[in-house]
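A.B. asks: Take this structure first; my questions come after.
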Amino acid sequence: MSEPHALVGAYALDAVDPHERAEFEEHLRSCPDCHADLATFAATTARLPSTVAVASPGHVRTAVLAAVSTARPLPPTVPVGRHLAERTVVGRPRRWLAASAAVAAAVAIGAVGIDTALDRPGDASRPTATTSALAVERVLDDADAERSEVRVGEAKATVVRSDTWKRAALVTQNMPAAPEGSHYALWMLTPDGTMLAAGTMPPGSDQAVLLEGDASSATAVGVTVEPNAQEGSSDVERAPTSDPIVLIELG
Amino acid sequence: MEPLPRHASASPTSVGEADADDLTALLHRSARGDEASFARLYGATSARIHGLAVRVVRDPAQAEEVTQEVYLEAWRTASRFDSTRGSVESWLFTLAHRRAVDRVRAAEASHRRDTSYGERHREVDHDATSEAATDSLEAARVRKALNQLTEVQREALRLAYFGGYTHTEVAELLGLPVGTAKTRIRDGLIRLRDHLGVSA
């Protein structure tokens, strides 16, 4: 594709419209030449601001340092997650199966929701899926239950699947809040690659949620960031709108 | 920690006195929550970030917002910075430019917002802005390199980078056929890169 290749300079200067940007980023994935050009162009444009430097007002510095003191820096992304995040940011959401294959190691955290998620309170008014504490406890208490754990930075997600009850629960610790106007949706991946809606995460960083549906044949549990439903419309997700930020494969 | 290739300015300048290694170390410490290091990073880069924001968005109040957003984002995502992909300055200025450009384009989309001139141009600390452009050896070097470009290349670069225009808008502004502005921009960047001796 020579057409997108010609855009490398304009792209380096953000002189592209959103459509061109998406198209070029798609091209960039498979073009080492453009990657190399882009790196040197970024180093080149980084020299330009010196020609327009202006001292920033003192109150801006004060505001920045005050804001910083109340916000925790995000944890680093794991390498496989960075890979997925890059692919997620651009273009159409890819198929779930492709994402699943790409992260066979079972860890995937995208920059998608998390980058903007910090320090935003969850939407407490959202109805949560299955919060039957009793059922969750039955699954968690099952001594024979299978446990699959994924850690991303300081966050930890554990899926506990009980063959006895044919149900699974997701337990989270230090999970950052979903971005404003969105929430975490839960999915179970079936052996034939179908995504089954399994409810939503209630707001809060430390949760134990029972996944909806029979979990006995699920091969993985995924979490996606989904926009909140419009007022009054159905709250049930039928299919994910983006790649999972976390994917926990089950044994 | 291995040293970064020095493609930033080799000699000290009045705006970017910290060298690339220092900035990388400051950013790494910031990622671990070190506010003092972040304050030093701010000191070493904010004149260029803010100058860029002012130049692109024009409106002083909005430029201040852009500057704040950029640093907050840098603080939060410091751990995602990958020194094998480029310098801290590259990373920061790319981030700042994207935000500034998004800001002007969004503002235009909503008809430059419906705020009055007076509101948008509310008072800014006088002593700070009156410092005017901070000149430096580095700026002189970059200007000299820009002078090696053809007139069209230089104008195309200026309109795209500092004006925040897309290459199709640049073509229109310069009376060029649509396909050629992006070529001029690319060629101009290549020539600038070579005159500045930038390597990947």
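Each chain of the structure tokens is named A, B, ... in the order shown, its residues numbered from 1; ligands are numbered from 1 in display order.
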Residues near Val136 in chain A, anyone? I mean within 7 Å using only C-alpha atoms, not counting same-chain ones fewer than 5 positions away, as a ChimeraX atom specification.
C.D. replies: /A:169,209-210
A.B. asks: Mind writing the picked residues with all heavy atoms as a short mmCIF file (atom, residue, chain, number, x, y, z; two decimals), in the first residue's frame?
C.D. replies:
```
data_model
loop_
_atom_site.label_atom_id
_atom_site.label_comp_id
_atom_site.auth_asym_id
_atom_site.auth_seq_id
_atom_site.Cartn_x
_atom_site.Cartn_y
_atom_site.Cartn_z
N ALA A 169 -17.15 -17.50 39.56
CA ALA A 169 -17.18 -16.18 40.17
C ALA A 169 -15.90 -15.45 39.80
O ALA A 169 -14.85 -16.06 39.60
CB ALA A 169 -17.29 -16.29 41.69
N VAL A 209 -18.07 -11.33 42.13
CA VAL A 209 -19.32 -11.38 41.35
C VAL A 209 -19.53 -12.78 40.81
O VAL A 209 -18.60 -13.40 40.30
CB VAL A 209 -19.25 -10.46 40.12
CG1 VAL A 209 -20.64 -10.16 39.62
CG2 VAL A 209 -18.48 -9.21 40.40
N LEU A 210 -20.75 -13.23 40.89
CA LEU A 210 -21.09 -14.50 40.27
C LEU A 210 -21.35 -14.26 38.79
O LEU A 210 -22.10 -13.36 38.42
CB LEU A 210 -22.35 -15.06 40.93
CG LEU A 210 -22.70 -16.50 40.52
CD1 LEU A 210 -21.71 -17.48 41.14
CD2 LEU A 210 -24.12 -16.84 40.93
#
```
A.B. asks: Residues of chain B no more than 6 Å from chain A, counting only C-alpha atoms: send them over as an mmCIF file with C-alpha atoms, in the first residue's frame.
C.D. replies:
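Output (result05.cif):
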```cif
data_model
loop_
_atom_site.group_PDB
_atom_site.id
_atom_site.type_symbol
_atom_site.label_atom_id
_atom_site.label_comp_id
_atom_site.auth_asym_id
_atom_site.auth_seq_id
_atom_site.Cartn_x
_atom_site.Cartn_y
_atom_site.Cartn_z
ATOM 1 C CA ALA B 31 6.428 6.855 37.516
ATOM 2 C CA ALA B 47 8.339 26.471 28.492
ATOM 3 C CA ARG B 48 8.370 24.442 25.299
ATOM 4 C CA HIS B 50 3.336 25.764 27.005
ATOM 5 C CA GLY B 51 4.792 27.686 24.085
ATOM 6 C CA LEU B 52 3.625 24.957 21.746
ATOM 7 C CA GLN B 68 -2.085 21.109 32.562
ATOM 8 C CA TRP B 75 2.339 11.856 35.340
ATOM 9 C CA ARG B 76 -0.275 9.162 35.093
ATOM 10 C CA THR B 77 1.256 7.352 32.142
ATOM 11 C CA SER B 79 5.347 4.087 33.513
ATOM 12 C CA ARG B 80 4.230 3.484 29.926
ATOM 13 C CA SER B 90 9.720 13.228 21.810
ATOM 14 C CA PHE B 93 5.883 16.899 22.788
ATOM 15 C CA ALA B 128 4.649 35.285 33.429
ATOM 16 C CA ALA B 132 7.965 36.456 26.029
ATOM 17 C CA ALA B 133 9.601 33.792 23.976
ATOM 18 C CA THR B 134 12.616 32.315 25.657
ATOM 19 C CA ALA B 139 16.095 27.539 18.891
ATOM 20 C CA ALA B 160 0.720 21.628 9.828
ATOM 21 C CA TYR B 161 2.734 21.678 13.041
ATOM 22 C CA TYR B 165 -4.053 22.168 9.972
ATOM 23 C CA THR B 166 -4.502 18.854 8.183
ATOM 24 C CA HIS B 167 -2.505 18.209 5.036
ATOM 25 C CA LYS B 182 1.627 15.573 2.298
ATOM 26 C CA ILE B 185 5.478 17.846 4.501
ATOM 27 C CA ARG B 186 7.292 14.533 4.366
ATOM 28 C CA ARG B 193 15.853 15.735 10.160
ATOM 29 C CA ALA B 200 16.477 7.220 15.411
#
```
A.B. asks: Neighbouring residues of Leu196 in chain B were defined as those with any atom within 8 Å, considering only C-alpha atoms; residues of the same chain fewer than 6 positions away were excluded. Please report them as a compact mmCIF listing (two decimals) with N, CA, C and O atoms, in the first residue's frame.
C.D. replies:
```txt
# COMPACT_ATOMS: atom_id res chain seq x y z
N THR A 44 12.55 14.59 15.33
CA THR A 44 12.73 15.86 14.62
C THR A 44 11.73 16.91 15.08
O THR A 44 12.11 18.05 15.41
N ARG B 141 19.54 27.06 16.37
CA ARG B 141 19.98 25.93 15.55
C ARG B 141 18.81 25.41 14.71
O ARG B 141 18.95 25.11 13.52
N VAL B 142 17.65 25.30 15.34
CA VAL B 142 16.48 24.77 14.64
C VAL B 142 16.04 25.74 13.54
O VAL B 142 15.72 25.33 12.42
N ALA B 145 18.22 25.37 10.61
CA ALA B 145 17.89 24.16 9.84
C ALA B 145 16.61 24.37 9.03
O ALA B 145 16.51 23.94 7.88
```
A.B. asks: Considering only C-alpha atoms, return as a list in words whatever protein or nucleic-acid residues lie within 12 Å of range 145-147 of chain A, sequence-local ones (same chain, fewer than 4 positions apart) excluded.
C.D. replies: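 These residues fall inside the cut-off: Glu137, Arg138, Val139, Leu140, Asp141, Ala157, Thr158, Val159, Val160, Arg161, Ser162, Asp163, Thr164, Trp165, Lys166, Arg167, Ala168, Ala169, Leu170, Val171, Ala215, Ser216, Ala220, Val221, Ile248, Glu249, Leu250 and Gly251 of chain A.
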A.B. asks: Just want the 12 Å neighbourhood of Arg40 in chain B, counted on only C-alpha atoms, with same-chain residues fewer than 3 positions away dropped. Output as a compact mmCIF listing (two decimals) with all heavy atoms, in the first residue's frame.
C.D. replies:
```txt
# COMPACT_ATOMS: atom_id res chain seq x y z
N ARG A 61 1.85 25.97 36.91
CA ARG A 61 2.75 25.06 37.60
C ARG A 61 2.13 24.61 38.93
O ARG A 61 2.12 23.43 39.27
CB ARG A 61 4.09 25.76 37.85
CG ARG A 61 5.12 24.89 38.52
CD ARG A 61 6.43 25.65 38.73
NE ARG A 61 7.50 24.77 39.18
CZ ARG A 61 7.69 24.43 40.45
NH1 ARG A 61 6.88 24.90 41.38
NH2 ARG A 61 8.68 23.61 40.77
N LEU A 65 1.19 20.71 39.85
CA LEU A 65 1.80 19.98 40.97
C LEU A 65 0.76 19.61 42.03
O LEU A 65 0.87 18.56 42.67
CB LEU A 65 2.95 20.80 41.57
CG LEU A 65 4.10 21.04 40.56
CD1 LEU A 65 5.23 21.81 41.20
CD2 LEU A 65 4.60 19.73 39.95
N GLY B 16 15.95 23.99 27.64
CA GLY B 16 16.00 22.57 27.95
C GLY B 16 17.32 22.22 28.57
O GLY B 16 18.08 21.45 28.01
N GLU B 17 17.55 22.72 29.77
CA GLU B 17 18.90 22.54 30.32
C GLU B 17 19.19 21.09 30.72
O GLU B 17 20.32 20.66 30.70
CB GLU B 17 19.18 23.49 31.47
CG GLU B 17 18.17 23.52 32.59
CD GLU B 17 16.97 24.40 32.25
OE1 GLU B 17 17.11 25.61 32.09
OE2 GLU B 17 15.88 23.84 32.14
N ALA B 18 18.16 20.34 31.06
CA ALA B 18 18.42 18.96 31.44
C ALA B 18 18.67 18.13 30.19
O ALA B 18 18.02 18.31 29.19
CB ALA B 18 17.24 18.40 32.20
N ASP B 22 19.01 12.76 31.97
CA ASP B 22 18.38 13.31 33.15
C ASP B 22 16.86 13.22 33.05
O ASP B 22 16.19 12.83 34.00
CB ASP B 22 18.76 14.79 33.31
CG ASP B 22 20.19 14.93 33.81
OD1 ASP B 22 20.74 13.91 34.27
OD2 ASP B 22 20.73 16.04 33.70
N LEU B 23 16.34 13.60 31.90
CA LEU B 23 14.89 13.59 31.74
C LEU B 23 14.35 12.17 31.89
O LEU B 23 13.30 11.96 32.48
CB LEU B 23 14.49 14.17 30.38
CG LEU B 23 14.75 15.67 30.19
CD1 LEU B 23 14.25 16.13 28.84
CD2 LEU B 23 14.11 16.49 31.30
N THR B 24 15.06 11.21 31.32
CA THR B 24 14.62 9.82 31.43
C THR B 24 14.59 9.39 32.90
O THR B 24 13.63 8.78 33.37
CB THR B 24 15.54 8.89 30.63
OG1 THR B 24 15.62 9.38 29.29
CG2 THR B 24 15.01 7.47 30.60
N ALA B 25 15.64 9.74 33.62
CA ALA B 25 15.70 9.38 35.03
C ALA B 25 14.58 10.07 35.81
O ALA B 25 13.93 9.46 36.66
CB ALA B 25 17.06 9.77 35.61
N LEU B 26 14.33 11.33 35.48
CA LEU B 26 13.26 12.07 36.17
C LEU B 26 11.90 11.43 35.90
O LEU B 26 11.07 11.30 36.79
CB LEU B 26 13.24 13.54 35.72
CG LEU B 26 14.41 14.41 36.17
CD1 LEU B 26 14.30 15.81 35.57
CD2 LEU B 26 14.46 14.49 37.70
N LEU B 27 11.70 11.02 34.66
CA LEU B 27 10.40 10.42 34.33
C LEU B 27 10.25 9.06 35.01
O LEU B 27 9.16 8.72 35.50
CB LEU B 27 10.25 10.29 32.81
CG LEU B 27 8.83 9.92 32.36
CD1 LEU B 27 7.85 11.04 32.68
CD2 LEU B 27 8.78 9.63 30.86
N ARG B 29 11.54 8.18 37.81
CA ARG B 29 11.24 8.41 39.22
C ARG B 29 9.81 8.91 39.40
O ARG B 29 9.14 8.58 40.37
CB ARG B 29 12.25 9.38 39.83
CG ARG B 29 13.61 8.72 40.06
CD ARG B 29 14.43 9.49 41.10
NE ARG B 29 14.88 10.78 40.62
CZ ARG B 29 16.01 10.96 39.93
NH1 ARG B 29 16.80 9.93 39.68
NH2 ARG B 29 16.36 12.15 39.52
N SER B 30 9.34 9.70 38.42
CA SER B 30 7.96 10.19 38.49
C SER B 30 6.98 9.02 38.45
O SER B 30 5.97 9.02 39.15
CB SER B 30 7.67 11.13 37.32
OG SER B 30 8.55 12.24 37.34
N ASP B 34 7.40 10.01 42.53
CA ASP B 34 8.30 11.03 43.06
C ASP B 34 7.92 12.42 42.51
O ASP B 34 8.25 12.78 41.38
CB ASP B 34 9.75 10.67 42.66
CG ASP B 34 10.76 11.66 43.22
OD1 ASP B 34 10.38 12.77 43.63
OD2 ASP B 34 11.95 11.29 43.24
N GLU B 35 7.21 13.17 43.34
CA GLU B 35 6.70 14.47 42.88
C GLU B 35 7.80 15.49 42.65
O GLU B 35 7.69 16.35 41.78
CB GLU B 35 5.68 15.01 43.90
CG GLU B 35 4.42 14.15 43.95
CD GLU B 35 3.50 14.54 45.10
OE1 GLU B 35 3.44 15.73 45.46
OE2 GLU B 35 2.83 13.64 45.64
N ALA B 36 8.87 15.40 43.43
CA ALA B 36 9.96 16.37 43.27
C ALA B 36 10.63 16.19 41.90
O ALA B 36 10.97 17.16 41.22
CB ALA B 36 10.98 16.20 44.39
N SER B 37 10.79 14.93 41.49
CA SER B 37 11.37 14.67 40.18
C SER B 37 10.45 15.18 39.08
O SER B 37 10.91 15.72 38.07
CB SER B 37 11.60 13.16 39.98
OG SER B 37 12.63 12.72 40.81
N GLY B 43 9.95 21.76 35.14
CA GLY B 43 10.82 22.92 34.98
C GLY B 43 11.66 22.86 33.70
O GLY B 43 11.90 23.88 33.06
N ALA B 44 12.06 21.64 33.34
CA ALA B 44 12.95 21.49 32.18
C ALA B 44 12.21 21.51 30.85
O ALA B 44 12.82 21.70 29.80
CB ALA B 44 13.73 20.19 32.31
N THR B 45 10.91 21.30 30.88
CA THR B 45 10.19 21.16 29.61
C THR B 45 8.98 22.08 29.44
O THR B 45 8.46 22.21 28.34
CB THR B 45 9.66 19.70 29.45
OG1 THR B 45 8.89 19.37 30.60
CG2 THR B 45 10.81 18.72 29.30
N SER B 46 8.52 22.72 30.51
CA SER B 46 7.22 23.39 30.44
C SER B 46 7.21 24.62 29.53
O SER B 46 6.17 24.95 28.96
CB SER B 46 6.74 23.77 31.84
OG SER B 46 7.64 24.67 32.44
```
A.B. asks: Here is a test: counting only C-alpha atoms, which residue of B:Gly188, B:Pro60, B:Gly164, B:Gly179 is nearest to Thr150 in chain B?
C.D. replies: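 That would be B:Gly188, the residue with the smallest distance to Thr150 in chain B.
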A.B. asks: Work out how far CA of Gly175 in chain B is from CA of Cys34 in chain A, in Å to one decimal.
C.D. replies: 27.3 Å
